[in-house]
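Below is one structure, written out as structure tokens; comments come after it.
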Amino acid sequence: MPYIPHTDADRKAMLETIGVDSIEDLFVEIPEDLRLKGELDVPKGMDEHKLFSTLHDLAGKNVDLATTTCFLGAGIYDRFIPATVGALISRGEFLTAYTPYQPEVSQGYLQTIYEFQTMVAELYGADLANASMYCGATALAEAALMACSIKRRSVVVVSEAVHPHYRETLETYCWAMDVEVRVIPTAETGRVESLEALTDEAACLILQQPNFFGLIADMKAARKACDETGSLLVVSADPTACGLLPAPGEEGADIITGEGQPLGIPMGFGGPLLGLFACRKEFVRQIPGRIVGRTTDGQGRPGYTMTLRTREQDIRREKATSNICTNEALMALAATIYMSAVGKNGIRSIAESTVQNTQYAIKQLTAAGGRLRFGGKVFGEFVLDLPRSAEGVRDALLKKGILAGLPLGKHYKGMENSLLVAVTEIRSKAEIDRFAEALRSVLESEEEDLLIVGVSLDQARIKVRQADGHVDARAVETIAKVIVSKHNWSVKDQFGLDITFSNGSQALLPEEDSAGFEAVMKALSKQLPGWDDNWFDQVAYPPFEDNSTVVFEKD
Amino acid sequence: MSVPADLKYTKSHEWLKVDGDTVTIGITDHAQSELGDVVYVDLPEAGRAVQVGDSFGSVESVKTVSDLYAPVSGEVTEVNGALAAQSELVNSDPHGEGWMVKVKMDNASQLDSLLDAAAYEKEIA
């Protein structure tokens with residue numbers, strides 16, 4: 001389809017047809033003071049060469065996997081992608097992000113979607129799968145709403161060991177639909193121990209397999225509990241793990257969802273991702289999203305068509321099963337080509353290598369000073385407890401070219417020293433050895449920053465914690481320099497403190513939440529002679545901007 | 001278009017056949033003809049309470065899905081199980097074998113506000 005922009009004459013004709021004088025008139029509904037006056041404040045256009053070099057410089061500021069070894073997973077995995085995936089999805093005939101318009105004209109595309117559905121259903125042990133959803137998180141939330149509509153109930157029960165971002169998405173969907181979300185805590189063992197929260201009010205029980213901590217969940221107990229309460233069992237399953245573990249559908253899951261990124265899609269910041277969605281046949285009329293079916297045309301030839309369209313929003317409006325009216329077509333195609341390329345045995349051997357590499361990494365990293373937090377079988381990921389803040393260790397390892405994993409303190413209370421480490425089929429023995437060696441050296445290092453743990457006002461002392469956990473109180477007058485750094489943690493701006501003492505040692509308050517940034521600053525302002533009370537003006541940078549400012553320096 | 005005289009009708013194109021305090025409910029010949037080939041009928045389970053005006057199920061044709069609205073309040077006593085495998089009965093015999101549910105009425109006076117055959121004929125004219 002050629003792209004031909006509108007000409008001024010086109011625009012004039014269109015405006016005349018609808019009876020307005022200017023494009024600006026189309027926006028009169030929006031209050032005057034909310035409308036942009038003049039031009040957007042963006043730089044002028046640049047030539048192609050300069051643009052590429054600017055983008056190259058910007059990209060250079062990111063951590064990239066050409067120079068860093070990745071042990072970070074938490075839902076998105078660094079797996080091998082056969083070259084055929086990129087080559088085939090780049091063909092012009094396939095380049096669309098969504099289900100094509102007038103889909104039946106695109107028989108080839110529909111056939112790939114049909115094959116995708118068939119392979120996902122087989123991998124998950126389900127009767128059928130849809131044409132895909134946006135991502136694993138929205139697929140799971142849609143499954144919860146589907147369970148509520150099937151069961152005519154408005155409570156869902158979810159394990160705390162389901163991905164924290166998936167649970168946030170679930171909360172958002174459920175909040176909008178007046179559905180109550182009950183969370184089963186998993187703090188002690190990392191897994192669901194009691195199903196007491198599952199009552200006959202619950203439309204479904206939601207688990208993840210393997211769970212967020214990498215642990216393989218027991219589906220039998222869950223299935224039995226669901227049978228007793230008449231609830232559906234919804235499982236968010238890692239498709240790669242299904243190469244080795246029993247398929248969730250065969251273990252009794254009614255609805256199975258998952259993130260399809262490990263199936264041939266690169267790890268991109270912000271996506272695109274791929275939601276997998278499969279279920280039992282009897283629920284076919286409640287399934288969200290698109291389904292492609294195989295049929296025969298008037299002359300008896302096989303053909304592919306969108307089917308069960310009457311569930312969808314463009315046909316059924318507010319009675320639709322979901323607001324999704326498309327699929328993640330190009331990514332579903334990538335997954336289809338990936339699954340065809342590696343085949344059934346390939347997925348199994350990828351899963352086996354993942355398990356072997358993971359077991360080797362556990363052995364090496366625990367020998368290097370980490371401790372396995374949870375007992376029980378894991379697939380390709382595990383929680384490593386460290387003798388100190390996982391964020392600090394992660395940062396130190398990144399300087400050595402190792403992306404060590406996800407510090408869990410932000411997501412789970414009391415897990416500040418825990419790191420979620422992922423190991424895929426492509427992590428070599430040498431890479432794992434290098435990780436273990438680097439971890440050992442970081443943990444043994446004496447250069448660890450001291451952490452501020454509190455301020456005692458009356459005695460003008462600031463308490464700092466040493467590497468060995470010993471807390472030491474220092475006189476405020478020994479402070480030589482205070483730097484406030486402002487970090488943007490994606491949406492919420494946070495302040496951190498960096499204090500240098502006169503003996504040259506440093507102490508950090510890594511986040512404003514940890515010991516009360518404001519309390520520390522208030523105490524310092526009262527007790528440090530020459531402290532500038534207007535320090536905040538210097539550090540109050542706009543949202544989304546990082547900055548470090550010296551707010552105090554002893555002469 | 002067949003509009004049997006012994007049935008009651010709604011403006012939303014359901015028909016009712018009254019038998020004591022129980023009514024049989026289906027969709028009219030006119031409704032099936034407008035919908036086209038019916039491919040699926042979603043019906044409630046027996047025992048479910050319905051309120052007048054509530055949606056208690058839906059009829060899916062190749063073109064669209066239409067809700068079924070309860071013309072009276074009461075309890076569903078029987079569901080036409082044959083429609084699960086033979087939804088086309090709704091097209092071929094809408095007032096007979098294509099019936100959908102039987103409801104035991106809570107309040108028979110609700111029948112008074114329904115249309116008779118002559119009024120329904122006017123409605124669809």
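Residues in the structure tokens are named by chain (A, B, ... in the order shown) and by number from 1 within that chain; ligands are numbered from 1 in the order shown.
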At most 9 Å to chain A: residues in chain B, only C-alpha atoms, as a PyMOL selection string: chain B and resi 60-66
Residues flagged alpha helix (DSSP H) by DSSP in stretch 136-321 of chain A, as a ChimeraX atom specification: /A:136-151,164-176,219-229,313-316
Can you pull out every residue within 12 Å of B:Ala85, counting only C-alpha atoms, but drop anything in the same chain fewer than 6 positions away, and send it as a ChimeraX atom specification? /B:38-42,98
May I have the residues within 8 Å of A:Arg182 as a list in words, using only C-alpha atoms and disregarding those fewer than 5 positions away in the same chain? Val155, Val156, Val157, Val158 and Ala197 of chain A
Could you list, as a count of residues only, every residue within 7 Å of B:Gln32, counting only C-alpha atoms and ignoring same-chain residues fewer than 4 positions away? 5
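Using only C-alpha atoms, the contacts of stretch 45-57 of chain B at a cut-off of 6 Å, with sequence neighbours closer than 4 positions omitted, comprise Asp67, Leu68, Tyr69, Ala70, Pro71, Val72, Ser73, Gly74, Glu75, Val76, Thr77 and Glu78 of chain B.
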What separation in Å, quoted to one decimal, exists between atom CA of B:Glu14 and atom CA of A:Phe283?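 Atom CA of B:Glu14 sits 26.5 Å away from atom CA of A:Phe283.
When only C-alpha atoms are used to compute distances to B:Val3, the closest of the residues B:Trp99, B:Ala117, B:Glu123, B:Pro44 turns out to be B:Ala117.
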Got a sec: who's within 8 Å of B:Met100, counting only C-alpha atoms, leaving out chain neighbours fewer than 4 positions off, as a list in words? Thr24, Ile25, Gly26, Leu43, Val79, Asn80 and Leu83 of chain B
Export of the given selection (N, CA, C and O atoms) as a PDB file, in the first residue's frame:
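Generated output (out_3.pdb):
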ATOM      1  N   THR B  24     -43.383 -20.836  28.150  1.00  0.00           N
ATOM      2  CA  THR B  24     -42.293 -21.248  27.266  1.00  0.00           C
ATOM      3  C   THR B  24     -41.902 -20.018  26.458  1.00  0.00           C
ATOM      4  O   THR B  24     -42.779 -19.263  26.013  1.00  0.00           O
ATOM      5  N   ILE B  25     -40.561 -19.816  26.312  1.00  0.00           N
ATOM      6  CA  ILE B  25     -40.079 -18.594  25.647  1.00  0.00           C
ATOM      7  C   ILE B  25     -39.175 -18.968  24.462  1.00  0.00           C
ATOM      8  O   ILE B  25     -38.381 -19.901  24.548  1.00  0.00           O
ATOM      9  N   GLY B  26     -39.329 -18.232  23.381  1.00  0.00           N
ATOM     10  CA  GLY B  26     -38.439 -18.387  22.229  1.00  0.00           C
ATOM     11  C   GLY B  26     -38.322 -17.061  21.518  1.00  0.00           C
ATOM     12  O   GLY B  26     -38.763 -16.037  22.049  1.00  0.00           O
ATOM     13  N   LEU B  43     -27.749 -20.270  26.634  1.00  0.00           N
ATOM     14  CA  LEU B  43     -28.909 -20.279  27.532  1.00  0.00           C
ATOM     15  C   LEU B  43     -28.474 -20.447  28.985  1.00  0.00           C
ATOM     16  O   LEU B  43     -27.411 -20.997  29.260  1.00  0.00           O
ATOM     17  N   VAL B  79     -34.562 -26.022  30.026  1.00  0.00           N
ATOM     18  CA  VAL B  79     -33.824 -25.386  28.938  1.00  0.00           C
ATOM     19  C   VAL B  79     -33.847 -26.345  27.748  1.00  0.00           C
ATOM     20  O   VAL B  79     -33.742 -27.561  27.929  1.00  0.00           O
ATOM     21  N   ASN B  80     -33.999 -25.820  26.542  1.00  0.00           N
ATOM     22  CA  ASN B  80     -34.037 -26.684  25.364  1.00  0.00           C
ATOM     23  C   ASN B  80     -32.631 -27.164  24.999  1.00  0.00           C
ATOM     24  O   ASN B  80     -31.885 -26.479  24.301  1.00  0.00           O
ATOM     25  N   LEU B  83     -30.900 -27.416  21.338  1.00  0.00           N
ATOM     26  CA  LEU B  83     -30.305 -26.290  20.598  1.00  0.00           C
ATOM     27  C   LEU B  83     -28.782 -26.287  20.648  1.00  0.00           C
ATOM     28  O   LEU B  83     -28.127 -25.686  19.803  1.00  0.00           O
TER      29      LEU B  83
END
Atom CA of A:Val181 to atom CA of A:Ala74: how many Å, to one decimal? 22.2 Å
Report the closest atom pair, with its distance in Å rounded to one decimal, for each residue of stretch 24-100 of chain A that has an atom no farther than 12 Å from stretch 266-271 of chain A; count only C-alpha atoms, sort by chain and then rising residue number, and write it as CSV.
residue,atom,partner,partner_atom,distance
A:Ala59,CA,A:Phe269,CA,11.7
A:Asn62,CA,A:Phe269,CA,10.2
A:Val63,CA,A:Phe269,CA,10.8
A:Asp64,CA,A:Met267,CA,10.4
A:Leu65,CA,A:Met267,CA,9.7
A:Cys70,CA,A:Met267,CA,10.7
A:Leu72,CA,A:Met267,CA,10.6
A:Gly73,CA,A:Met267,CA,9.7
A:Ala74,CA,A:Met267,CA,11.7
A:Gly75,CA,A:Met267,CA,10.3
A:Ile76,CA,A:Met267,CA,6.5
A:Tyr77,CA,A:Met267,CA,6.9
A:Asp78,CA,A:Met267,CA,6.7
A:Arg79,CA,A:Pro266,CA,8.1
A:Phe80,CA,A:Pro266,CA,8.9
A:Ile81,CA,A:Pro266,CA,7.6
A:Pro82,CA,A:Pro266,CA,11.0
A:Ala83,CA,A:Pro266,CA,11.8
A:Val85,CA,A:Pro266,CA,10.6
A:Gly86,CA,A:Pro266,CA,9.9
